[in-house]
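Q: Attaching a single structure in structure tokens format; questions to follow.
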Amino acid sequence: MNDFQKTLIGHALVIIIIALLAGFMLAFGLIGGLEVTPGQFVDVTIFGTSSGWARAHTGGVLNGLLMVAIAFALPHSDLAVQRQRLYARGMIFIGWANTIFYWFGNAAPNRALSFADNILGTTNIFGMIGYGVALIGGLLTLAILLHMARNFLRD
């Protein structure tokens, strides 16, 4: 296994751990706190919405799994090693960009879906950062996956 594969997988696993923590945020949001003993709850106030935390939970896990899949696919892509290393670094950026988007989207009334106010709510610094990194990450994801797919589907 190449060093860039190990690094990509390591980041993927940390991103999955963060996504699992979003699952706790989801649970706290749904029931309003933490059950410390059966029937005894401690109030836990969270920011964001339950649906936002559900997206952060499932989306984060899927992003981490995408990163692991790419790590294992890269050596079979017929790309030069330098390009594989570049794409691994790109996927690390993408994984963190999506993680930031999900978490910051929960802290932004506009859900980090635009730089400005939108139909969902007003913008704030979290919304602007979340949208900015997600926009770059989304375009980078398409570029990397399209190039890799082309190499895999080539005769």
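So you can find residues: chains in the structure tokens are A, B, ... in the order shown, residues in each start at 1, and ligands are numbered from 1 in order.
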Near A:Ile9, counting only C-alpha atoms, which residues have an atom at most 7 Å away, once you skip same-chain residues fewer than 4 positions from it, shown as a ChimeraX atom specification?

A: /A:5,13,67-68,71

Q: Quick one: residues within 12 Å of A:Gly138, only C-alpha atoms counted, chain neighbours fewer than 2 positions away excluded, as a compact mmCIF listing (two decimals) with N, CA, C and O atoms, in the first residue's frame?

A:
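Result file follows (out.txt):
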# COMPACT_ATOMS: atom_id res chain seq x y z
N ASN A 63 -19.11 9.89 2.77
CA ASN A 63 -17.90 10.56 2.27
C ASN A 63 -16.65 9.80 2.69
O ASN A 63 -15.72 9.64 1.89
N GLY A 90 -6.44 15.56 -3.11
CA GLY A 90 -7.72 16.19 -3.46
C GLY A 90 -8.87 15.56 -2.71
O GLY A 90 -9.77 16.27 -2.22
N MET A 91 -8.87 14.24 -2.60
CA MET A 91 -9.95 13.56 -1.89
C MET A 91 -9.92 13.87 -0.40
O MET A 91 -10.97 13.94 0.25
N PHE A 93 -8.96 16.79 0.84
CA PHE A 93 -9.61 18.10 0.89
C PHE A 93 -11.12 17.95 0.78
O PHE A 93 -11.88 18.57 1.54
N ILE A 94 -11.57 17.14 -0.16
CA ILE A 94 -13.00 16.95 -0.39
C ILE A 94 -13.68 16.39 0.86
O ILE A 94 -14.76 16.86 1.26
N GLY A 95 -13.09 15.40 1.48
CA GLY A 95 -13.67 14.82 2.70
C GLY A 95 -13.83 15.85 3.80
O GLY A 95 -14.88 15.93 4.45
N TRP A 96 -12.79 16.66 4.01
CA TRP A 96 -12.87 17.70 5.04
C TRP A 96 -13.82 18.82 4.63
O TRP A 96 -14.54 19.36 5.48
N ALA A 97 -13.84 19.16 3.35
CA ALA A 97 -14.76 20.19 2.88
C ALA A 97 -16.20 19.78 3.13
O ALA A 97 -17.02 20.59 3.59
N ASN A 98 -16.52 18.53 2.84
CA ASN A 98 -17.88 18.05 3.08
C ASN A 98 -18.20 18.00 4.57
O ASN A 98 -19.33 18.31 4.98
N PHE A 101 -18.88 21.48 5.58
CA PHE A 101 -20.19 21.86 5.04
C PHE A 101 -21.32 21.34 5.92
O PHE A 101 -22.24 22.09 6.27
N GLY A 130 -19.03 27.27 4.87
CA GLY A 130 -19.56 25.96 4.51
C GLY A 130 -19.87 25.85 3.04
O GLY A 130 -19.52 24.86 2.38
N TYR A 131 -20.52 26.87 2.49
CA TYR A 131 -20.85 26.85 1.06
C TYR A 131 -19.60 26.94 0.21
O TYR A 131 -19.46 26.23 -0.80
N GLY A 132 -18.67 27.79 0.60
CA GLY A 132 -17.44 27.96 -0.19
C GLY A 132 -16.65 26.69 -0.32
O GLY A 132 -16.26 26.30 -1.44
N VAL A 133 -16.42 26.00 0.79
CA VAL A 133 -15.63 24.76 0.72
C VAL A 133 -16.42 23.66 0.01
O VAL A 133 -15.84 22.85 -0.72
N ALA A 134 -17.74 23.63 0.20
CA ALA A 134 -18.56 22.61 -0.48
C ALA A 134 -18.57 22.83 -1.98
O ALA A 134 -18.53 21.86 -2.76
N LEU A 135 -18.63 24.07 -2.40
CA LEU A 135 -18.61 24.38 -3.83
C LEU A 135 -17.30 23.92 -4.48
O LEU A 135 -17.30 23.23 -5.50
N ILE A 136 -16.19 24.28 -3.86
CA ILE A 136 -14.89 23.84 -4.38
C ILE A 136 -14.79 22.32 -4.33
O ILE A 136 -14.37 21.68 -5.30
N LEU A 140 -14.31 19.74 -7.48
CA LEU A 140 -13.12 18.89 -7.46
C LEU A 140 -13.50 17.41 -7.48
O LEU A 140 -12.86 16.60 -8.17
N THR A 141 -14.55 17.05 -6.76
CA THR A 141 -15.02 15.65 -6.78
C THR A 141 -15.39 15.23 -8.19
O THR A 141 -14.99 14.15 -8.65
N LEU A 142 -16.17 16.06 -8.86
CA LEU A 142 -16.56 15.73 -10.24
C LEU A 142 -15.34 15.57 -11.14
O LEU A 142 -15.27 14.62 -11.94
N ALA A 143 -14.38 16.46 -11.03
CA ALA A 143 -13.19 16.39 -11.88
C ALA A 143 -12.40 15.11 -11.64
O ALA A 143 -12.03 14.40 -12.59
N ILE A 144 -12.15 14.80 -10.37
CA ILE A 144 -11.37 13.59 -10.05
C ILE A 144 -12.11 12.33 -10.49
O ILE A 144 -11.53 11.45 -11.13
N LEU A 145 -13.39 12.24 -10.15
CA LEU A 145 -14.14 11.02 -10.49
C LEU A 145 -14.31 10.86 -11.99
O LEU A 145 -14.22 9.73 -12.52

Q: Per DSSP on the backbone, filter chain A down to the residues in strand (DSSP E) and report them as a list in words.

A: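 Strand (DSSP E) assignments inside chain A correspond to Gly33, Leu34, Glu35, Val36, Thr37, Gln40, Phe41, Val42 and Asp43 of chain A.
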
Q: As a list in words, please: the residues near A:Asn118 (cut-off 12 Å, only C-alpha atoms, same-chain neighbours under 5 positions excluded).

A: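 Contacts, with the query itself left out: Ala108, Pro109, Asn110, Arg111, Ala112, Leu113, Thr123, Asn124, Gly127 and Met128 of chain A.
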
Q: Those same residues, written as a PDB file, in the first residue's frame with N, CA, C and O atoms?

A:
ATOM      1  N   ALA A 108     -25.782  27.451  10.302  1.00  0.00           N
ATOM      2  CA  ALA A 108     -26.155  28.554   9.412  1.00  0.00           C
ATOM      3  C   ALA A 108     -27.641  28.483   9.081  1.00  0.00           C
ATOM      4  O   ALA A 108     -28.120  27.450   8.620  1.00  0.00           O
ATOM      5  N   PRO A 109     -28.369  29.584   9.295  1.00  0.00           N
ATOM      6  CA  PRO A 109     -29.793  29.576   8.945  1.00  0.00           C
ATOM      7  C   PRO A 109     -30.054  29.247   7.469  1.00  0.00           C
ATOM      8  O   PRO A 109     -31.077  28.649   7.150  1.00  0.00           O
ATOM      9  N   ASN A 110     -29.136  29.605   6.583  1.00  0.00           N
ATOM     10  CA  ASN A 110     -29.315  29.310   5.149  1.00  0.00           C
ATOM     11  C   ASN A 110     -28.782  27.928   4.784  1.00  0.00           C
ATOM     12  O   ASN A 110     -28.700  27.579   3.621  1.00  0.00           O
ATOM     13  N   ARG A 111     -28.403  27.136   5.794  1.00  0.00           N
ATOM     14  CA  ARG A 111     -27.907  25.758   5.651  1.00  0.00           C
ATOM     15  C   ARG A 111     -26.640  25.650   4.812  1.00  0.00           C
ATOM     16  O   ARG A 111     -26.331  24.584   4.288  1.00  0.00           O
ATOM     17  N   ALA A 112     -25.919  26.736   4.691  1.00  0.00           N
ATOM     18  CA  ALA A 112     -24.661  26.775   3.929  1.00  0.00           C
ATOM     19  C   ALA A 112     -24.881  26.362   2.472  1.00  0.00           C
ATOM     20  O   ALA A 112     -24.042  25.714   1.864  1.00  0.00           O
ATOM     21  N   LEU A 113     -26.027  26.762   1.917  1.00  0.00           N
ATOM     22  CA  LEU A 113     -26.344  26.419   0.527  1.00  0.00           C
ATOM     23  C   LEU A 113     -26.171  27.592  -0.428  1.00  0.00           C
ATOM     24  O   LEU A 113     -26.445  27.459  -1.624  1.00  0.00           O
ATOM     25  N   THR A 123     -27.748  34.408   5.890  1.00  0.00           N
ATOM     26  CA  THR A 123     -26.395  33.864   5.887  1.00  0.00           C
ATOM     27  C   THR A 123     -25.636  34.330   7.120  1.00  0.00           C
ATOM     28  O   THR A 123     -26.048  35.269   7.798  1.00  0.00           O
ATOM     29  N   ASN A 124     -24.579  33.650   7.427  1.00  0.00           N
ATOM     30  CA  ASN A 124     -23.628  34.062   8.458  1.00  0.00           C
ATOM     31  C   ASN A 124     -22.260  33.522   8.040  1.00  0.00           C
ATOM     32  O   ASN A 124     -22.130  32.911   6.980  1.00  0.00           O
ATOM     33  N   GLY A 127     -22.262  29.855   7.202  1.00  0.00           N
ATOM     34  CA  GLY A 127     -22.882  29.563   5.916  1.00  0.00           C
ATOM     35  C   GLY A 127     -21.961  29.874   4.757  1.00  0.00           C
ATOM     36  O   GLY A 127     -21.873  29.102   3.793  1.00  0.00           O
ATOM     37  N   MET A 128     -21.261  30.989   4.839  1.00  0.00           N
ATOM     38  CA  MET A 128     -20.363  31.374   3.747  1.00  0.00           C
ATOM     39  C   MET A 128     -19.176  30.412   3.635  1.00  0.00           C
ATOM     40  O   MET A 128     -18.815  29.979   2.537  1.00  0.00           O
TER      41      MET A 128
END

Q: Would you kindly return, as a list in words, each protein, DNA or RNA residue with an atom no farther than 8 Å from any atom of stretch 15-28 of chain A, considering only C-alpha atoms and excluding same-chain residues fewer than 3 positions away?

A: His11, Ala12, Ile31, Gly32, Gly33, Leu34, Val44, Thr45, Ile46, Thr49, Ser50, Ser51, Trp53, Ala54, Ala56, His57, Thr58, Gly59, Gly60, Val61, Asn63, Gly64, Leu65, Gly95, Trp96 and Thr99 of chain A

Q: Save the residues we just selected, N, CA and C atoms, as a PDB file, in the first residue's frame?

A:
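Result file is out04.pdb:
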ATOM      1  N   HIS A  11      -7.364   9.741   7.023  1.00  0.00           N
ATOM      2  CA  HIS A  11      -8.283  10.885   7.060  1.00  0.00           C
ATOM      3  C   HIS A  11      -9.729  10.417   6.940  1.00  0.00           C
ATOM      4  N   ALA A  12      -9.968   9.426   6.097  1.00  0.00           N
ATOM      5  CA  ALA A  12     -11.325   8.900   5.922  1.00  0.00           C
ATOM      6  C   ALA A  12     -11.878   8.369   7.242  1.00  0.00           C
ATOM      7  N   ILE A  31     -34.357  13.628  21.049  1.00  0.00           N
ATOM      8  CA  ILE A  31     -34.973  13.384  22.364  1.00  0.00           C
ATOM      9  C   ILE A  31     -34.698  14.504  23.361  1.00  0.00           C
ATOM     10  N   GLY A  32     -33.938  15.515  22.952  1.00  0.00           N
ATOM     11  CA  GLY A  32     -33.721  16.681  23.801  1.00  0.00           C
ATOM     12  C   GLY A  32     -32.621  16.538  24.830  1.00  0.00           C
ATOM     13  N   GLY A  33     -31.890  15.456  24.794  1.00  0.00           N
ATOM     14  CA  GLY A  33     -30.818  15.306  25.774  1.00  0.00           C
ATOM     15  C   GLY A  33     -30.187  13.935  25.733  1.00  0.00           C
ATOM     16  N   LEU A  34     -29.590  13.574  26.849  1.00  0.00           N
ATOM     17  CA  LEU A  34     -28.867  12.315  27.001  1.00  0.00           C
ATOM     18  C   LEU A  34     -29.485  11.522  28.136  1.00  0.00           C
ATOM     19  N   VAL A  44     -29.544  18.404  26.868  1.00  0.00           N
ATOM     20  CA  VAL A  44     -28.403  18.768  26.033  1.00  0.00           C
ATOM     21  C   VAL A  44     -28.955  19.623  24.906  1.00  0.00           C
ATOM     22  N   THR A  45     -28.549  20.865  24.902  1.00  0.00           N
ATOM     23  CA  THR A  45     -28.983  21.780  23.854  1.00  0.00           C
ATOM     24  C   THR A  45     -27.964  21.742  22.731  1.00  0.00           C
ATOM     25  N   ILE A  46     -28.449  21.538  21.523  1.00  0.00           N
ATOM     26  CA  ILE A  46     -27.557  21.500  20.367  1.00  0.00           C
ATOM     27  C   ILE A  46     -27.967  22.571  19.374  1.00  0.00           C
ATOM     28  N   THR A  49     -30.530  21.376  13.273  1.00  0.00           N
ATOM     29  CA  THR A  49     -31.795  20.641  13.257  1.00  0.00           C
ATOM     30  C   THR A  49     -31.529  19.141  13.227  1.00  0.00           C
ATOM     31  N   SER A  50     -32.524  18.387  13.617  1.00  0.00           N
ATOM     32  CA  SER A  50     -32.381  16.927  13.562  1.00  0.00           C
ATOM     33  C   SER A  50     -32.133  16.450  12.135  1.00  0.00           C
ATOM     34  N   SER A  51     -32.829  17.040  11.172  1.00  0.00           N
ATOM     35  CA  SER A  51     -32.612  16.620   9.783  1.00  0.00           C
ATOM     36  C   SER A  51     -31.205  17.000   9.320  1.00  0.00           C
ATOM     37  N   TRP A  53     -28.553  17.112  11.262  1.00  0.00           N
ATOM     38  CA  TRP A  53     -27.632  16.161  11.893  1.00  0.00           C
ATOM     39  C   TRP A  53     -27.746  14.776  11.260  1.00  0.00           C
ATOM     40  N   ALA A  54     -28.934  14.430  10.788  1.00  0.00           N
ATOM     41  CA  ALA A  54     -29.075  13.153  10.067  1.00  0.00           C
ATOM     42  C   ALA A  54     -28.245  13.185   8.794  1.00  0.00           C
ATOM     43  N   ALA A  56     -25.566  15.104   8.286  1.00  0.00           N
ATOM     44  CA  ALA A  56     -24.160  15.115   8.678  1.00  0.00           C
ATOM     45  C   ALA A  56     -23.689  13.712   9.065  1.00  0.00           C
ATOM     46  N   HIS A  57     -24.575  12.962   9.687  1.00  0.00           N
ATOM     47  CA  HIS A  57     -24.250  11.601  10.117  1.00  0.00           C
ATOM     48  C   HIS A  57     -24.094  10.672   8.907  1.00  0.00           C
ATOM     49  N   THR A  58     -25.114  10.592   8.096  1.00  0.00           N
ATOM     50  CA  THR A  58     -25.059   9.661   6.958  1.00  0.00           C
ATOM     51  C   THR A  58     -24.130  10.161   5.857  1.00  0.00           C
ATOM     52  N   GLY A  59     -24.180  11.461   5.584  1.00  0.00           N
ATOM     53  CA  GLY A  59     -23.316  12.011   4.541  1.00  0.00           C
ATOM     54  C   GLY A  59     -21.851  11.881   4.894  1.00  0.00           C
ATOM     55  N   GLY A  60     -21.514  12.106   6.152  1.00  0.00           N
ATOM     56  CA  GLY A  60     -20.126  11.980   6.585  1.00  0.00           C
ATOM     57  C   GLY A  60     -19.603  10.559   6.469  1.00  0.00           C
ATOM     58  N   VAL A  61     -20.427   9.598   6.867  1.00  0.00           N
ATOM     59  CA  VAL A  61     -20.024   8.192   6.729  1.00  0.00           C
ATOM     60  C   VAL A  61     -19.815   7.852   5.255  1.00  0.00           C
ATOM     61  N   ASN A  63     -19.106   9.886   2.768  1.00  0.00           N
ATOM     62  CA  ASN A  63     -17.902  10.559   2.270  1.00  0.00           C
ATOM     63  C   ASN A  63     -16.647   9.802   2.687  1.00  0.00           C
ATOM     64  N   GLY A  64     -16.595   9.342   3.928  1.00  0.00           N
ATOM     65  CA  GLY A  64     -15.449   8.555   4.378  1.00  0.00           C
ATOM     66  C   GLY A  64     -15.307   7.269   3.588  1.00  0.00           C
ATOM     67  N   LEU A  65     -16.420   6.611   3.320  1.00  0.00           N
ATOM     68  CA  LEU A  65     -16.373   5.372   2.533  1.00  0.00           C
ATOM     69  C   LEU A  65     -15.943   5.642   1.095  1.00  0.00           C
ATOM     70  N   GLY A  95     -13.085  15.401   1.483  1.00  0.00           N
ATOM     71  CA  GLY A  95     -13.668  14.820   2.695  1.00  0.00           C
ATOM     72  C   GLY A  95     -13.832  15.850   3.798  1.00  0.00           C
ATOM     73  N   TRP A  96     -12.788  16.662   4.007  1.00  0.00           N
ATOM     74  CA  TRP A  96     -12.872  17.696   5.043  1.00  0.00           C
ATOM     75  C   TRP A  96     -13.818  18.816   4.632  1.00  0.00           C
ATOM     76  N   THR A  99     -17.235  17.627   5.396  1.00  0.00           N
ATOM     77  CA  THR A  99     -17.444  17.606   6.842  1.00  0.00           C
ATOM     78  C   THR A  99     -17.727  19.015   7.350  1.00  0.00           C
TER      79      THR A  99
END

Q: Could you pull out the alpha helix (DSSP H) residues of chain A from DSSP and send them as a ChimeraX atom specification?

A: /A:3-31,50-73,81-106,125-153

Q: Rank A:Ser114, A:Asn2, A:Asn106, A:Gln40 by their smallest atom-to-atom distance to A:Phe72, using only C-alpha atoms, and report the top residue only.

A: A:Asn2

Q: Rounded to one decimal in Å, what is the spacing between atom CA of A:Arg150 and atom CA of A:Leu8?

A: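 Going from atom CA of A:Arg150 over to atom CA of A:Leu8 covers 21.6 Å.
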
Q: State, in Å with one decimal place, the distance from atom CA of A:Val81 to atom CA of A:Met148.

A: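 Separating atom CA of A:Val81 from atom CA of A:Met148 is a distance of 13.1 Å.
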